[in-house]
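Below is data_11.txt, holding compact mmCIF, C-alpha atoms.
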```
# COMPACT_ATOMS: atom_id res chain seq x y z
CA MET A 22 -11.81 -25.54 198.66
CA MET A 23 -9.26 -22.83 197.65
CA LYS A 24 -6.14 -22.55 199.71
CA LYS A 25 -5.92 -19.51 201.98
CA GLY A 26 -2.67 -18.18 200.47
CA ILE A 27 -3.95 -18.33 196.90
CA ARG A 28 -7.20 -16.67 197.92
CA LEU A 29 -5.38 -13.77 199.58
CA SER A 30 -3.20 -13.26 196.48
CA ILE A 31 -6.25 -13.06 194.20
CA ILE A 32 -7.95 -10.55 196.51
CA ALA A 33 -4.80 -8.39 196.54
CA LEU A 34 -4.63 -8.49 192.74
CA LEU A 35 -8.28 -7.46 192.39
CA ILE A 36 -7.76 -4.53 194.78
CA ALA A 37 -4.74 -3.38 192.76
CA LEU A 38 -6.70 -3.54 189.50
CA MET A 39 -9.57 -1.54 191.01
CA ALA A 40 -7.15 1.13 192.23
CA ILE A 41 -5.61 1.47 188.76
CA SER A 42 -9.07 1.79 187.21
CA VAL A 43 -10.14 4.48 189.68
CA LEU A 44 -6.95 6.51 189.20
CA GLY A 45 -7.25 6.26 185.41
CA GLY A 46 -10.85 7.39 185.57
CA CYS A 47 -9.96 10.36 187.77
CA LYS A 48 -7.22 11.42 185.36
CA LYS A 49 -9.59 11.20 182.40
CA THR A 50 -12.25 13.21 184.23
CA GLU A 51 -9.75 15.92 185.14
CA GLU A 52 -8.51 16.14 181.55
CA GLY A 53 -11.98 16.07 180.05
CA SER A 54 -13.47 18.64 182.44
CA SER A 55 -10.82 21.32 182.03
CA ASP A 56 -12.72 23.25 179.34
CA ASN A 57 -16.35 22.19 179.69
CA THR A 58 -18.99 21.82 182.37
CA ASP A 59 -21.05 18.93 181.06
CA GLY A 60 -18.32 16.29 180.97
CA THR A 61 -18.89 15.56 177.29
CA GLY A 62 -15.73 17.27 176.06
CA SER A 63 -17.75 19.80 174.02
CA GLU A 64 -18.09 23.53 174.62
CA PRO A 65 -21.27 24.52 176.54
CA GLU A 66 -23.86 26.27 174.38
CA LYS A 67 -23.99 30.06 174.65
CA ALA A 68 -27.15 31.85 175.68
CA VAL A 69 -29.13 33.22 172.72
CA LEU A 70 -29.67 36.96 172.31
CA THR A 71 -32.82 37.29 170.17
CA ILE A 72 -32.78 40.61 168.32
CA ALA A 73 -35.68 42.42 166.67
CA THR A 74 -34.71 44.47 163.62
CA ASN A 75 -36.17 45.93 160.44
CA ALA A 76 -33.83 45.19 157.54
CA GLU A 77 -34.91 48.14 155.39
CA PHE A 78 -32.63 50.86 156.74
CA GLU A 79 -29.37 50.85 154.81
CA PRO A 80 -26.57 51.06 155.92
CA PHE A 81 -27.66 50.10 159.44
CA GLU A 82 -29.61 46.96 158.54
CA PHE A 83 -30.64 45.69 155.11
CA MET A 84 -30.84 42.54 153.03
CA GLN A 85 -27.88 41.42 150.94
CA ASP A 86 -27.66 37.97 149.34
CA ASN A 87 -30.57 36.80 151.53
CA GLN A 88 -28.68 37.82 154.68
CA ILE A 89 -29.34 40.71 157.07
CA VAL A 90 -26.23 42.88 157.09
CA GLY A 91 -25.23 46.38 158.11
CA PHE A 92 -23.61 48.48 160.80
CA ASP A 93 -26.12 47.54 163.50
CA ILE A 94 -25.73 43.85 162.73
CA ASP A 95 -21.93 43.99 163.01
CA LEU A 96 -22.29 45.98 166.22
CA ILE A 97 -24.73 43.62 167.94
CA ASN A 98 -22.56 40.63 166.98
CA ALA A 99 -19.50 42.35 168.47
CA ILE A 100 -21.48 43.10 171.63
CA ALA A 101 -22.73 39.50 171.86
CA GLU A 102 -19.16 38.23 171.62
CA LYS A 103 -18.18 40.51 174.51
CA ILE A 104 -21.00 39.24 176.74
CA ASP A 105 -20.61 35.58 175.67
CA MET A 106 -23.93 35.23 173.84
CA THR A 107 -24.94 34.30 170.30
CA VAL A 108 -27.25 36.45 168.15
CA GLU A 109 -30.51 35.33 166.59
CA LEU A 110 -32.04 37.99 164.30
CA LYS A 111 -35.77 38.40 163.80
CA ASN A 112 -36.68 40.64 160.86
CA MET A 113 -40.01 42.48 161.25
CA GLU A 114 -41.80 45.76 160.56
CA PHE A 115 -40.11 48.63 162.38
CA ASP A 116 -43.28 49.48 164.30
CA GLY A 117 -43.22 45.97 165.80
CA THR A 118 -39.67 46.03 167.18
CA VAL A 119 -40.45 47.82 170.45
CA ALA A 120 -43.54 45.66 171.03
CA ALA A 121 -41.43 42.51 170.51
CA VAL A 122 -39.03 43.62 173.24
CA GLN A 123 -41.81 44.76 175.56
CA SER A 124 -43.63 41.42 175.25
CA GLY A 125 -40.46 39.37 175.68
CA THR A 126 -40.62 37.87 172.19
CA CYS A 127 -37.14 39.33 171.67
CA LYS A 128 -34.49 40.18 174.25
CA ALA A 129 -33.51 43.41 172.48
CA ALA A 130 -33.99 45.52 169.35
CA ILE A 131 -31.40 47.25 167.23
CA SER A 132 -32.73 49.05 164.18
CA GLY A 133 -31.43 52.59 163.91
CA MET A 134 -33.74 53.27 166.84
CA THR A 135 -33.91 56.75 168.31
CA ILE A 136 -34.30 57.23 172.05
CA THR A 137 -37.66 58.97 172.49
CA PRO A 138 -39.86 59.71 175.53
CA LYS A 139 -42.66 57.56 174.10
CA ARG A 140 -40.40 54.54 173.64
CA GLU A 141 -38.88 55.02 177.09
CA LYS A 142 -42.33 54.35 178.53
CA ALA A 143 -42.24 50.86 177.00
CA VAL A 144 -38.55 49.83 177.10
CA ILE A 145 -35.18 50.82 178.51
CA PHE A 146 -32.29 51.88 176.30
CA SER A 147 -28.62 51.06 176.24
CA ALA A 148 -25.99 53.76 176.15
CA PRO A 149 -26.21 55.59 172.78
CA TYR A 150 -23.93 54.30 170.04
CA TYR A 151 -24.62 56.83 167.26
CA SER A 152 -25.88 60.41 166.84
CA THR A 153 -27.72 61.47 163.69
CA THR A 154 -29.84 64.27 162.23
CA GLN A 155 -33.02 64.64 160.21
CA ILE A 156 -32.56 66.19 156.74
CA LEU A 157 -34.46 66.60 153.47
CA LEU A 158 -34.40 64.52 150.30
CA VAL A 159 -35.70 66.29 147.18
CA ARG A 160 -35.73 65.71 143.43
CA GLY A 161 -32.55 66.55 141.58
CA ASP A 162 -34.17 69.43 139.68
CA ASP A 163 -35.85 70.94 142.76
CA ASP A 164 -35.68 74.71 143.14
CA VAL A 165 -38.23 75.11 145.94
CA PHE A 166 -36.29 74.02 149.02
CA THR A 167 -33.51 76.57 148.97
CA GLY A 168 -33.36 77.35 152.70
CA GLU A 169 -29.99 77.23 154.39
CA THR A 170 -31.32 77.08 157.95
CA LYS A 171 -33.85 74.91 159.77
CA GLU A 172 -36.17 77.90 160.16
CA ALA A 173 -36.04 78.73 156.45
CA LEU A 174 -36.73 75.10 155.46
CA ASP A 175 -39.57 74.78 157.97
CA GLU A 176 -41.19 77.78 156.28
CA GLN A 177 -40.74 76.25 152.82
CA LEU A 178 -42.18 72.92 154.03
CA LYS A 179 -45.51 74.52 154.99
CA GLY A 180 -48.41 73.13 152.97
CA LYS A 181 -46.24 70.56 151.18
CA THR A 182 -46.80 66.82 150.78
CA ILE A 183 -43.93 65.28 152.72
CA GLY A 184 -42.84 61.66 152.64
CA VAL A 185 -41.95 60.01 155.96
CA CYS A 186 -41.40 56.43 157.14
CA SER A 187 -43.78 54.83 159.60
CA GLY A 188 -42.63 55.19 163.20
CA PHE A 189 -39.51 57.17 162.28
CA THR A 190 -38.54 60.56 163.70
CA GLY A 191 -39.39 62.24 160.41
CA GLU A 192 -43.05 61.33 160.89
CA SER A 193 -43.07 62.93 164.34
CA TYR A 194 -41.27 66.00 163.00
CA VAL A 195 -43.81 66.63 160.25
CA LYS A 196 -46.96 65.71 162.21
CA GLY A 197 -45.78 67.22 165.49
CA ASP A 198 -44.84 65.51 168.75
CA GLU A 199 -45.12 67.35 172.05
CA ASP A 200 -42.92 64.84 173.94
CA MET A 201 -40.10 65.33 171.43
CA GLY A 202 -40.58 69.08 171.23
CA PHE A 203 -41.75 69.10 167.59
CA ALA A 204 -44.42 71.65 166.71
CA GLY A 205 -45.12 70.01 163.35
CA ILE A 206 -45.20 71.60 159.90
CA ALA A 207 -48.22 73.85 159.36
CA ASP A 208 -50.72 72.66 156.71
CA ALA A 209 -48.34 69.92 155.56
CA LYS A 210 -49.57 66.48 154.54
CA ALA A 211 -47.44 63.61 155.86
CA THR A 212 -47.52 60.66 153.47
CA VAL A 213 -46.37 57.60 155.41
CA PHE A 214 -44.35 54.79 153.79
CA ASP A 215 -43.20 51.45 155.14
CA ASN A 216 -39.60 52.08 154.08
CA ILE A 217 -37.29 54.60 152.45
CA SER A 218 -37.24 52.82 149.07
CA LEU A 219 -40.98 53.29 148.63
CA ALA A 220 -40.67 56.93 149.68
CA VAL A 221 -37.89 57.57 147.14
CA THR A 222 -39.96 55.97 144.36
CA ALA A 223 -42.87 58.28 145.23
CA LEU A 224 -40.53 61.28 145.20
CA LYS A 225 -39.24 60.36 141.75
CA ASN A 226 -42.82 59.97 140.53
CA LYS A 227 -43.70 63.41 141.94
CA SER A 228 -46.33 61.95 144.26
CA ILE A 229 -44.68 63.84 147.13
CA ASP A 230 -42.66 67.03 147.31
CA CYS A 231 -39.81 65.84 149.55
CA ILE A 232 -38.82 63.35 152.26
CA VAL A 233 -37.72 63.94 155.85
CA MET A 234 -35.29 61.18 156.82
CA ASP A 235 -32.32 60.28 159.03
CA GLY A 236 -29.19 61.83 157.55
CA THR A 237 -26.97 58.80 156.87
CA VAL A 238 -29.84 56.80 155.40
CA ALA A 239 -30.97 59.78 153.30
CA LYS A 240 -27.50 60.22 151.82
CA GLN A 241 -27.15 56.56 150.91
CA ALA A 242 -30.67 56.53 149.45
CA ALA A 243 -29.75 59.51 147.25
CA ALA A 244 -26.53 57.82 146.13
CA SER A 245 -28.39 54.59 145.30
CA ALA A 246 -31.13 56.44 143.41
CA GLY A 247 -28.65 58.54 141.45
CA ASN A 248 -27.74 61.98 142.70
CA GLU A 249 -29.00 63.55 139.47
CA ASP A 250 -32.50 62.26 140.31
CA ILE A 251 -32.49 62.70 144.09
CA LYS A 252 -30.41 65.10 146.15
CA VAL A 253 -29.91 65.91 149.81
CA ILE A 254 -30.58 69.26 151.48
CA ASP A 255 -27.96 68.84 154.18
CA VAL A 256 -29.42 71.21 156.78
CA THR A 257 -30.04 69.80 160.25
CA LEU A 258 -33.71 69.78 161.20
CA THR A 259 -33.20 67.89 164.48
CA THR A 260 -30.63 65.68 166.19
CA GLU A 261 -31.09 62.35 167.95
CA ASN A 262 -29.30 59.32 169.40
CA TYR A 263 -29.58 55.66 168.40
CA ALA A 264 -29.52 52.97 171.09
CA ILE A 265 -30.48 49.35 171.73
CA ALA A 266 -33.94 48.77 173.23
CA LEU A 267 -34.32 46.23 176.05
CA ASN A 268 -37.10 44.93 178.24
CA LYS A 269 -37.59 46.95 181.42
CA ASN A 270 -36.91 43.82 183.48
CA ASP A 271 -33.48 43.33 181.89
CA GLU A 272 -31.38 45.89 183.79
CA ALA A 273 -28.61 43.30 184.22
CA LEU A 274 -28.42 42.74 180.45
CA LYS A 275 -28.42 46.50 179.87
CA GLU A 276 -25.41 46.87 182.19
CA LYS A 277 -23.52 44.19 180.25
CA ILE A 278 -24.39 45.76 176.90
CA ASP A 279 -23.43 49.24 178.11
CA ALA A 280 -20.07 47.94 179.27
CA ALA A 281 -19.54 46.21 175.91
CA ILE A 282 -20.41 49.39 173.98
CA LYS A 283 -17.87 51.33 176.04
CA GLU A 284 -15.18 48.72 175.40
CA LEU A 285 -15.92 48.75 171.66
CA LYS A 286 -15.76 52.55 171.57
CA ASP A 287 -12.54 52.70 173.58
CA SER A 288 -10.88 50.03 171.42
CA GLY A 289 -11.77 51.85 168.20
CA LYS A 290 -13.97 48.99 166.95
CA ILE A 291 -17.08 51.17 166.54
CA ALA A 292 -15.03 53.72 164.59
CA GLU A 293 -13.90 50.88 162.31
CA LEU A 294 -17.54 49.93 161.69
CA TYR A 295 -18.41 53.55 160.85
CA GLU A 296 -15.67 53.47 158.21
CA LYS A 297 -16.69 50.05 156.91
CA TRP A 298 -20.30 51.15 156.32
CA ASP A 299 -19.43 54.70 155.17
CA ILE A 300 -21.16 56.32 158.15
CA GLU A 301 -20.15 59.83 159.12
```
Written as structure tokens, that's how I'd like the structure from this file.
Amino acid sequence: MMKKGIRLSIIALLIALMAISVLGGCKKTEEGSSDNTDGTGSEPEKAVLTIATNAEFEPFEFMQDNQIVGFDIDLINAIAEKIDMTVELKNMEFDGTVAAVQSGTCKAAISGMTITPKREKAVIFSAPYYSTTQILLVRGDDDVFTGETKEALDEQLKGKTIGVCSGFTGESYVKGDEDMGFAGIADAKATVFDNISLAVTALKNKSIDCIVMDGTVAKQAAASAGNEDIKVIDVTLTTENYAIALNKNDEALKEKIDAAIKELKDSGKIAELYEKWDIE
């Protein structure tokens, strides 16, 4: 049998050791939990912002070295940083971007997308981040489209074969769109292409007479094709605003994105991106 005094000493020692262990554990927990919520010492994963885009619209989104790059891509990454999310891009046909957002396949779409009444029936839009115009692309030796006003060019476009991109404002302008206030071009034939590169090739080959396209994209397409082969008729046919499309159930996300866009405008970051991508 153990003596009473020895037994009490051992019990006291065990209690002291347990106290030290508990205090050490508390200190470790406090230190380890200061910058994470899962107790592992690692940063918690950010929520993913899945983005639908069509990487055939330079300089807003296009492929370079097997990566999607461009103004819109830089912008959505800057927005995601502001709202503590990480971007996952999904490249698809432009006509599918709104449907992807509407169905919930993607949280948002950024793709040089114009706010239109038809699209507003399917999605909600962020605050606009860019204003653009529709202009003409013609062959370098063209002497037909000499108009210096929208009215004069509309008259010269009558009966012509006009290249447009599928789902873009140019298609609505040529074919007519009551919701957007476009009467259409009388007797014109709209030849629809999947992207601007195919339209420019057709213009060079004289399969079409001209192209109606967003101004910034048209100017870069002309520069890439060689201004002696393709030139811009820089007369405004219509104006429009680009914005980010979101699901109608995502009002909270829209508010966060709108606030981020305002911060990026106020800080001069969006102006920096315009300069980086040579956008007027």
Atomic distance CA of Val185 in chain A - CA of Val159 in chain A, expressed in Å with one decimal: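 Result for CA of Val185 in chain A versus CA of Val159 in chain A: 12.5 Å, one decimal.
Among the candidate residues A:Asp175, A:Asp164, A:Glu301, A:Asp200, the one lying nearest to Val256 in chain A is A:Asp175, with distances computed using all atoms listed in the file.
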With distances taken over only C-alpha atoms, which of A:Glu141, A:Asp279, A:Asp86, A:Asp93 is nearest to Thr74 in chain A?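 For Thr74 in chain A, the nearest of the given residues is A:Asp93.
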Which of these residues is nearest to Leu285 in chain A, using all atoms listed in the file: A:Ala173, A:Leu157, A:Ile97, A:Met134? A:Ile97
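For Leu274 in chain A, the set of protein, DNA and RNA residues having any atom at most 10 Å away, when counting all atoms listed in the file and skipping those fewer than 3 positions along the same chain, is Ile104, Lys128, Ala129, Ser147, Leu267, Asn268, Asn270, Asp271, Lys277, Ile278, Asp279 and Ala280 of chain A.
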Just how far from CA of Asp230 in chain A is CA of Ile217 in chain A, in Å to one decimal?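 Taking CA of Ile217 in chain A as the start and CA of Asp230 in chain A as the end point, the length is 14.5 Å.
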Show me, as a PyMOL selection string, the residues that have an atom within 12 Å of Ile282 in chain A when counting only C-alpha atoms, minus same-chain residues fewer than 3 positions from it. chain A and resi 96-104+147-151+264-265+275-279+285-292
Those residues with C-alpha atoms, as a short mmCIF file (atom, residue, chain, number, x, y, z; two decimals), in the frame of the given file please?
```cif
data_model
loop_
_atom_site.label_atom_id
_atom_site.label_comp_id
_atom_site.auth_asym_id
_atom_site.auth_seq_id
_atom_site.Cartn_x
_atom_site.Cartn_y
_atom_site.Cartn_z
CA LEU A 96 -22.29 45.98 166.22
CA ILE A 97 -24.73 43.62 167.94
CA ASN A 98 -22.56 40.63 166.98
CA ALA A 99 -19.50 42.35 168.47
CA ILE A 100 -21.48 43.10 171.63
CA ALA A 101 -22.73 39.50 171.86
CA GLU A 102 -19.16 38.23 171.62
CA LYS A 103 -18.18 40.51 174.51
CA ILE A 104 -21.00 39.24 176.74
CA SER A 147 -28.62 51.06 176.24
CA ALA A 148 -25.99 53.76 176.15
CA PRO A 149 -26.21 55.59 172.78
CA TYR A 150 -23.93 54.30 170.04
CA TYR A 151 -24.62 56.83 167.26
CA ALA A 264 -29.52 52.97 171.09
CA ILE A 265 -30.48 49.35 171.73
CA LYS A 275 -28.42 46.50 179.87
CA GLU A 276 -25.41 46.87 182.19
CA LYS A 277 -23.52 44.19 180.25
CA ILE A 278 -24.39 45.76 176.90
CA ASP A 279 -23.43 49.24 178.11
CA LEU A 285 -15.92 48.75 171.66
CA LYS A 286 -15.76 52.55 171.57
CA ASP A 287 -12.54 52.70 173.58
CA SER A 288 -10.88 50.03 171.42
CA GLY A 289 -11.77 51.85 168.20
CA LYS A 290 -13.97 48.99 166.95
CA ILE A 291 -17.08 51.17 166.54
CA ALA A 292 -15.03 53.72 164.59
#
```
Using all atoms listed in the file, which of the listed residues (A:Arg160, A:Asn262, A:Asp198, A:Phe166) sits closest to Gly247 in chain A? A:Arg160
Atomic distance CA of Thr118 in chain A - CA of Ala266 in chain A, expressed in Å with one decimal: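 If I compute the distance from CA of Thr118 in chain A to CA of Ala266 in chain A, I get 8.8 Å.
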Would you pick out the contacts of Ala73 in chain A at 7 Å or less, using all atoms listed in the file, so that residues sharing its chain but fewer than 2 positions from it are not included, and give the list as a list in words? Thr71, Leu110, Lys111, Asn112, Met113, Thr118, Ala121, Cys127, Ala129, Ala130 and Ile131 of chain A
Using only C-alpha atoms, the best pick from A:Leu70, A:Val122, A:Ala273, A:Leu158 as closest to Ala143 in chain A would be A:Val122
Could you check which of A:Gln85, A:Thr257, A:Thr107, A:Gln177 is closest to Ile156 in chain A, using all atoms listed in the file?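 So, comparing all the options, the nearest one is A:Thr257.
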Can you list, as an MDAnalysis selection string, every protein, DNA or RNA residue that comes within 12 Å of Val253 in chain A when you count all atoms listed in the file, leaving out same-chain residues fewer than 6 positions away? chainID A and resid 155:163 166:167 221 231:244 246:247
Need the shell around Phe203 in chain A: protein/DNA/RNA residues with any atom at most 12 Å away, counting all atoms listed in the file. Skip same-chain ones fewer than 2 positions apart. Format as a VMD selection string? chain A and resid 137 175 190 to 201 205 to 207 258 to 260
